[in-house]
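Okay, input-v8.pdb now, which holds PDB, C-alpha atoms and all ligand atoms:
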MODEL        1
ATOM      1  CA  MET A   1       0.000   0.000   0.000
ATOM      2  CA  LYS A   2       2.772   2.428   0.910
ATOM      3  CA  ALA A   3       4.612   1.591  -2.320
ATOM      4  CA  LYS A   4       1.504   2.533  -4.256
ATOM      5  CA  GLU A   5       1.317   5.921  -2.455
ATOM      6  CA  ASN A   6       4.996   6.591  -3.225
ATOM      7  CA  LEU A   7       4.456   5.646  -6.809
ATOM      8  CA  THR A   8       1.474   7.981  -7.055
ATOM      9  CA  ARG A   9       3.432  10.823  -5.430
ATOM     10  CA  ARG A  10       6.369  10.176  -7.728
ATOM     11  CA  THR A  11       4.095  10.096 -10.742
ATOM     12  CA  PHE A  12       2.444  13.348  -9.650
ATOM     13  CA  ILE A  13       5.785  15.120  -9.101
ATOM     14  CA  GLY A  14       7.124  13.775 -12.373
ATOM     15  CA  ARG A  15       4.115  15.035 -14.286
ATOM     16  CA  CYS A  16       4.369  18.451 -12.638
ATOM     17  CA  ALA A  17       8.041  18.707 -13.493
ATOM     18  CA  GLY A  18       7.353  17.652 -17.080
ATOM     19  CA  THR A  19       4.545  20.165 -17.496
ATOM     20  CA  GLY A  20       6.615  22.951 -15.926
ATOM     21  CA  ALA A  21       9.549  22.199 -18.193
ATOM     22  CA  ALA A  22       7.254  22.223 -21.232
ATOM     23  CA  LEU A  23       5.781  25.609 -20.229
ATOM     24  CA  LEU A  24       9.214  27.063 -19.538
ATOM     25  CA  GLY A  25      10.435  25.837 -22.915
ATOM     26  CA  THR A  26       7.456  27.421 -24.665
ATOM     27  CA  VAL A  27       8.022  30.764 -22.933
ATOM     28  CA  LEU A  28      11.728  30.728 -23.772
ATOM     29  CA  LEU A  29      10.992  29.832 -27.388
ATOM     30  CA  LEU A  30       8.456  32.655 -27.767
ATOM     31  CA  ASN A  31      10.839  35.157 -26.196
ATOM     32  CA  SER A  32      13.730  34.126 -28.426
ATOM     33  CA  CYS A  33      11.540  34.489 -31.539
ATOM     34  CA  GLY A  34      10.140  37.819 -30.437
ATOM     35  CA  GLY A  35       6.644  36.414 -30.868
ATOM     36  CA  GLY A  36       4.131  38.396 -28.845
ATOM     37  CA  SER A  37       6.778  40.768 -27.611
ATOM     38  CA  GLU A  38       5.143  44.192 -27.747
ATOM     39  CA  GLU A  39       8.185  45.713 -26.070
ATOM     40  CA  SER A  40      10.546  44.855 -28.927
ATOM     41  CA  ARG A  41       8.141  46.286 -31.514
ATOM     42  CA  ASP A  42       7.630  49.448 -29.460
ATOM     43  CA  SER A  43      11.334  50.094 -29.141
ATOM     44  CA  ALA A  44      11.713  49.827 -32.943
ATOM     45  CA  VAL A  45       8.924  52.389 -33.377
ATOM     46  CA  ASP A  46      10.554  54.720 -30.870
ATOM     47  CA  GLN A  47      13.822  54.552 -32.745
ATOM     48  CA  GLY A  48      11.937  55.424 -35.927
ATOM     49  CA  THR A  49      10.196  58.462 -34.474
ATOM     50  CA  GLY A  50      13.355  59.692 -32.796
ATOM     51  CA  ALA A  51      15.163  60.004 -36.105
ATOM     52  CA  LYS A  52      15.600  63.458 -37.621
ATOM     53  CA  PRO A  53      14.276  64.094 -41.109
ATOM     54  CA  ALA A  54      16.797  63.582 -43.911
ATOM     55  CA  ASP A  55      16.375  67.234 -44.944
ATOM     56  CA  PRO A  56      16.643  69.603 -41.945
ATOM     57  CA  CYS A  57      14.850  72.308 -43.957
ATOM     58  CA  THR A  58      11.683  70.242 -43.682
ATOM     59  CA  ASP A  59      11.921  69.887 -39.898
ATOM     60  CA  PHE A  60       9.098  71.973 -38.452
ATOM     61  CA  THR A  61       9.571  70.758 -34.901
ATOM     62  CA  GLY A  62       8.541  73.537 -32.518
ATOM     63  CA  VAL A  63       6.984  75.696 -35.250
ATOM     64  CA  SER A  64       3.405  76.600 -34.310
ATOM     65  CA  ALA A  65       0.408  76.062 -36.563
ATOM     66  CA  GLN A  66      -0.017  79.853 -36.663
ATOM     67  CA  GLU A  67       3.489  80.299 -38.082
ATOM     68  CA  LEU A  68       2.911  77.534 -40.613
ATOM     69  CA  GLU A  69      -0.289  79.295 -41.662
ATOM     70  CA  LYS A  70       1.613  82.597 -42.140
ATOM     71  CA  ARG A  71       4.087  80.796 -44.369
ATOM     72  CA  LYS A  72       1.222  79.387 -46.388
ATOM     73  CA  LYS A  73      -0.631  82.730 -46.724
ATOM     74  CA  LEU A  74       2.535  84.378 -48.026
ATOM     75  CA  GLY A  75       2.729  81.711 -50.708
ATOM     76  CA  TYR A  76       6.124  80.429 -49.646
ATOM     77  CA  VAL A  77       7.536  77.762 -51.962
ATOM     78  CA  ASP A  78      10.766  75.803 -51.557
ATOM     79  CA  ARG A  79      11.872  76.637 -55.114
ATOM     80  CA  SER A  80      11.301  80.035 -56.657
ATOM     81  CA  GLU A  81       9.599  80.108 -60.022
ATOM     82  CA  VAL A  82      10.429  83.804 -60.469
ATOM     83  CA  PRO A  83      13.679  84.195 -62.416
ATOM     84  CA  GLY A  84      16.251  86.264 -60.545
ATOM     85  CA  SER A  85      14.421  86.401 -57.218
ATOM     86  CA  ASN A  86      14.584  83.982 -54.368
ATOM     87  CA  CYS A  87      14.997  84.026 -50.599
ATOM     88  CA  ALA A  88      18.789  84.178 -50.819
ATOM     89  CA  ASN A  89      18.611  87.584 -52.562
ATOM     90  CA  CYS A  90      15.675  88.886 -50.488
ATOM     91  CA  SER A  91      16.339  91.539 -47.842
ATOM     92  CA  LEU A  92      14.117  89.655 -45.367
ATOM     93  CA  TYR A  93      16.161  86.460 -45.574
ATOM     94  CA  VAL A  94      18.359  85.393 -42.668
ATOM     95  CA  PRO A  95      21.181  83.193 -44.032
ATOM     96  CA  PRO A  96      22.002  79.912 -42.306
ATOM     97  CA  ALA A  97      24.126  80.187 -39.199
ATOM     98  CA  ASP A  98      27.550  78.530 -39.352
ATOM     99  CA  GLY A  99      27.077  74.863 -40.102
ATOM    100  CA  ALA A 100      23.296  75.107 -40.499
ATOM    101  CA  ALA A 101      21.695  73.780 -43.649
ATOM    102  CA  CYS A 102      18.889  76.292 -44.103
ATOM    103  CA  GLY A 103      18.099  79.892 -43.322
ATOM    104  CA  SER A 104      15.018  81.652 -42.027
ATOM    105  CA  CYS A 105      12.776  84.584 -42.819
ATOM    106  CA  LEU A 106      11.963  87.681 -40.775
ATOM    107  CA  LEU A 107       8.244  87.275 -41.550
ATOM    108  CA  PHE A 108       7.641  83.808 -40.106
ATOM    109  CA  LYS A 109       9.338  81.129 -38.057
ATOM    110  CA  GLY A 110      10.774  77.884 -39.351
ATOM    111  CA  PRO A 111      13.385  76.790 -41.867
ATOM    112  CA  VAL A 112      13.586  78.490 -45.271
ATOM    113  CA  TYR A 113      15.466  77.412 -48.378
ATOM    114  CA  GLY A 114      17.720  79.973 -50.038
ATOM    115  CA  GLU A 115      16.068  78.882 -53.296
ATOM    116  CA  GLY A 116      12.609  79.574 -51.864
ATOM    117  CA  HIS A 117      10.290  82.470 -52.564
ATOM    118  CA  CYS A 118       7.107  84.176 -51.402
ATOM    119  CA  ILE A 119       4.898  87.141 -52.377
ATOM    120  CA  GLN A 120       6.742  89.466 -49.952
ATOM    121  CA  TRP A 121      10.081  89.188 -51.736
ATOM    122  CA  VAL A 122      12.079  92.416 -51.466
ATOM    123  CA  ALA A 123      15.329  92.893 -53.357
ATOM    124  CA  LYS A 124      18.371  93.174 -51.138
ATOM    125  CA  GLY A 125      19.517  96.755 -50.687
ATOM    126  CA  SER A 126      16.173  98.288 -51.584
TER
HETATM  127  S1  LIG B 201      10.091  87.407 -47.522
HETATM  128 FE1  LIG B 201       9.617  85.638 -48.810
HETATM  129  S2  LIG B 201      11.201  85.702 -50.388
HETATM  130 FE2  LIG B 201      11.908  86.959 -48.684
HETATM  131  S3  LIG B 201      13.110  85.570 -47.400
HETATM  132 FE3  LIG B 201      11.029  85.580 -46.577
HETATM  133  S4  LIG B 201      10.087  83.831 -47.608
HETATM  134 FE4  LIG B 201      11.892  84.315 -48.778
ENDMDL
END
Spell out the structure here as structure tokens.
Amino acid sequence: MKAKENLTRRTFIGRCAGTGAALLGTVLLLNSCGGGSEESRDSAVDQGTGAKPADPCTDFTGVSAQELEKRKKLGYVDRSEVPGSNCANCSLYVPPADGAACGSCLLFKGPVYGEGHCIQWVAKGS
């Protein structure tokens, strides 16, 4: 009778150990594959959003909607279609600071291309 109880206890413990090992193996396998890991996907997204735009003159970080609207109302374009006039030869243009890629304009905030243009263009020196 006692041998039967030991056998039952041993069987029970053996089955528990087998089930636990199977569960642990499944968890380890899922973690190694990245399956169901929201954290790994989230960190990839964060790295993507943290990247700066390839062209710094299109980075409007910190520029308010009001300033963007001003830019739009003045008809600012990145490339002037008016021969001989562009932001670089406009008296309201602020050239890029040392090492900066793009300038700015006295009329609105945000980056401005030297090749840009708007309806307020004023020849330098006038
Ligand atoms: S006023 Fe217009 S043309 Fe002149 S720098 Fe500003 S955006 Fe360019």
Convert the output of the PyMOL selection byres (((not hetatm)) within 9 of (chain B and resi 201)) on the shown file into explicit residues, formatted as a PyMOL selection string. chain A and resi 71+74-78+80+85-94+103-108+112-123
Suppose we keep C-alpha atoms; can you now write the selection as a tab-separated table (two decimals), keeping the file's coordinate frame?
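For reference, out.tsv as written:
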chain	number	residue	atom	x	y	z
A	71	ARG	CA	4.09	80.80	-44.37
A	74	LEU	CA	2.54	84.38	-48.03
A	75	GLY	CA	2.73	81.71	-50.71
A	76	TYR	CA	6.12	80.43	-49.65
A	77	VAL	CA	7.54	77.76	-51.96
A	78	ASP	CA	10.77	75.80	-51.56
A	80	SER	CA	11.30	80.04	-56.66
A	85	SER	CA	14.42	86.40	-57.22
A	86	ASN	CA	14.58	83.98	-54.37
A	87	CYS	CA	15.00	84.03	-50.60
A	88	ALA	CA	18.79	84.18	-50.82
A	89	ASN	CA	18.61	87.58	-52.56
A	90	CYS	CA	15.68	88.89	-50.49
A	91	SER	CA	16.34	91.54	-47.84
A	92	LEU	CA	14.12	89.66	-45.37
A	93	TYR	CA	16.16	86.46	-45.57
A	94	VAL	CA	18.36	85.39	-42.67
A	103	GLY	CA	18.10	79.89	-43.32
A	104	SER	CA	15.02	81.65	-42.03
A	105	CYS	CA	12.78	84.58	-42.82
A	106	LEU	CA	11.96	87.68	-40.78
A	107	LEU	CA	8.24	87.28	-41.55
A	108	PHE	CA	7.64	83.81	-40.11
A	112	VAL	CA	13.59	78.49	-45.27
A	113	TYR	CA	15.47	77.41	-48.38
A	114	GLY	CA	17.72	79.97	-50.04
A	115	GLU	CA	16.07	78.88	-53.30
A	116	GLY	CA	12.61	79.57	-51.86
A	117	HIS	CA	10.29	82.47	-52.56
A	118	CYS	CA	7.11	84.18	-51.40
A	119	ILE	CA	4.90	87.14	-52.38
A	120	GLN	CA	6.74	89.47	-49.95
A	121	TRP	CA	10.08	89.19	-51.74
A	122	VAL	CA	12.08	92.42	-51.47
A	123	ALA	CA	15.33	92.89	-53.36
If the PyMOL selection byres (((chain A and resi 61) around 10) and not hetatm) is run on the structure shown, which residues does it catch, given as an mmCIF file with C-alpha atoms, in the coordinates of the input?
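Writing the result to expr16.cif gives the following:
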data_model
loop_
_atom_site.group_PDB
_atom_site.id
_atom_site.type_symbol
_atom_site.label_atom_id
_atom_site.label_comp_id
_atom_site.auth_asym_id
_atom_site.auth_seq_id
_atom_site.Cartn_x
_atom_site.Cartn_y
_atom_site.Cartn_z
ATOM 1 C CA LYS A 52 15.600 63.458 -37.621
ATOM 2 C CA THR A 58 11.683 70.242 -43.682
ATOM 3 C CA ASP A 59 11.921 69.887 -39.898
ATOM 4 C CA PHE A 60 9.098 71.973 -38.452
ATOM 5 C CA GLY A 62 8.541 73.537 -32.518
ATOM 6 C CA VAL A 63 6.984 75.696 -35.250
ATOM 7 C CA SER A 64 3.405 76.600 -34.310
ATOM 8 C CA GLY A 110 10.774 77.884 -39.351
ATOM 9 C CA PRO A 111 13.385 76.790 -41.867
#
Is it possible to get the axis-aligned box enclosing stretch 96-105 of chain A (all listed atoms, 5 Å extra per side) as AutoDock Vina command-line options, with centre and edge lengths in Å rounded to one decimal?
--center_x 20.2 --center_y 79.2 --center_z -41.7 --size_x 24.8 --size_y 20.8 --size_z 14.9
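Our summary of the geometry notes that atom CA of A:Asp98 is positioned 27.7 Å from atom CA of A:Val82.
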To one decimal in Å, tell me the separation between atom CA of A:Lys109 and atom CA of A:Glu67. 5.9 Å
Can you measure atom CA of A:Gly125 to atom CA of A:Pro56 for me? One decimal in Å is fine. 28.7 Å
Would you fill out stretch 91-111 of chain A with N, CA and C atoms and return it as a short mmCIF file (atom, residue, chain, number, x, y, z; two decimals), in the coordinates of the input?
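Everything below was put into part-v1.cif:
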data_model
loop_
_atom_site.label_atom_id
_atom_site.label_comp_id
_atom_site.auth_asym_id
_atom_site.auth_seq_id
_atom_site.Cartn_x
_atom_site.Cartn_y
_atom_site.Cartn_z
N SER A 91 15.83 90.81 -49.01
CA SER A 91 16.34 91.54 -47.84
C SER A 91 15.76 91.01 -46.53
N LEU A 92 14.72 90.19 -46.60
CA LEU A 92 14.12 89.66 -45.37
C LEU A 92 14.66 88.27 -45.00
N TYR A 93 15.59 87.80 -45.79
CA TYR A 93 16.16 86.46 -45.57
C TYR A 93 17.28 86.51 -44.55
N VAL A 94 17.29 85.54 -43.66
CA VAL A 94 18.36 85.39 -42.67
C VAL A 94 19.15 84.15 -43.08
N PRO A 95 20.39 84.34 -43.56
CA PRO A 95 21.18 83.19 -44.03
C PRO A 95 21.43 82.18 -42.92
N PRO A 96 21.73 80.95 -43.31
CA PRO A 96 22.00 79.91 -42.31
C PRO A 96 23.16 80.31 -41.39
N ALA A 97 23.02 79.98 -40.14
CA ALA A 97 24.13 80.19 -39.20
C ALA A 97 25.23 79.21 -39.58
N ASP A 98 26.43 79.42 -39.03
CA ASP A 98 27.55 78.53 -39.35
C ASP A 98 27.16 77.08 -39.15
N GLY A 99 27.34 76.29 -40.19
CA GLY A 99 27.08 74.86 -40.10
C GLY A 99 25.63 74.48 -40.30
N ALA A 100 24.72 75.44 -40.31
CA ALA A 100 23.30 75.11 -40.50
C ALA A 100 23.01 74.90 -41.98
N ALA A 101 22.00 74.12 -42.26
CA ALA A 101 21.70 73.78 -43.65
C ALA A 101 20.72 74.75 -44.30
N CYS A 102 19.90 75.42 -43.50
CA CYS A 102 18.89 76.29 -44.10
C CYS A 102 18.75 77.58 -43.29
N GLY A 103 18.26 78.60 -43.96
CA GLY A 103 18.10 79.89 -43.32
C GLY A 103 16.71 80.06 -42.75
N SER A 104 16.36 81.35 -42.54
CA SER A 104 15.02 81.65 -42.03
C SER A 104 14.56 82.98 -42.63
N CYS A 105 13.36 83.36 -42.28
CA CYS A 105 12.78 84.58 -42.82
C CYS A 105 12.31 85.46 -41.65
N LEU A 106 12.39 86.77 -41.84
CA LEU A 106 11.96 87.68 -40.78
C LEU A 106 10.44 87.70 -40.61
N LEU A 107 9.71 87.19 -41.60
CA LEU A 107 8.24 87.28 -41.55
C LEU A 107 7.56 86.11 -40.85
N PHE A 108 8.23 84.98 -40.77
CA PHE A 108 7.64 83.81 -40.11
C PHE A 108 8.75 82.90 -39.58
N LYS A 109 8.35 82.04 -38.67
CA LYS A 109 9.34 81.13 -38.06
C LYS A 109 9.44 79.83 -38.87
N GLY A 110 10.56 79.18 -38.70
CA GLY A 110 10.77 77.88 -39.35
C GLY A 110 11.84 77.99 -40.43
N PRO A 111 12.31 76.82 -40.87
CA PRO A 111 13.38 76.79 -41.87
C PRO A 111 12.93 77.30 -43.23
#
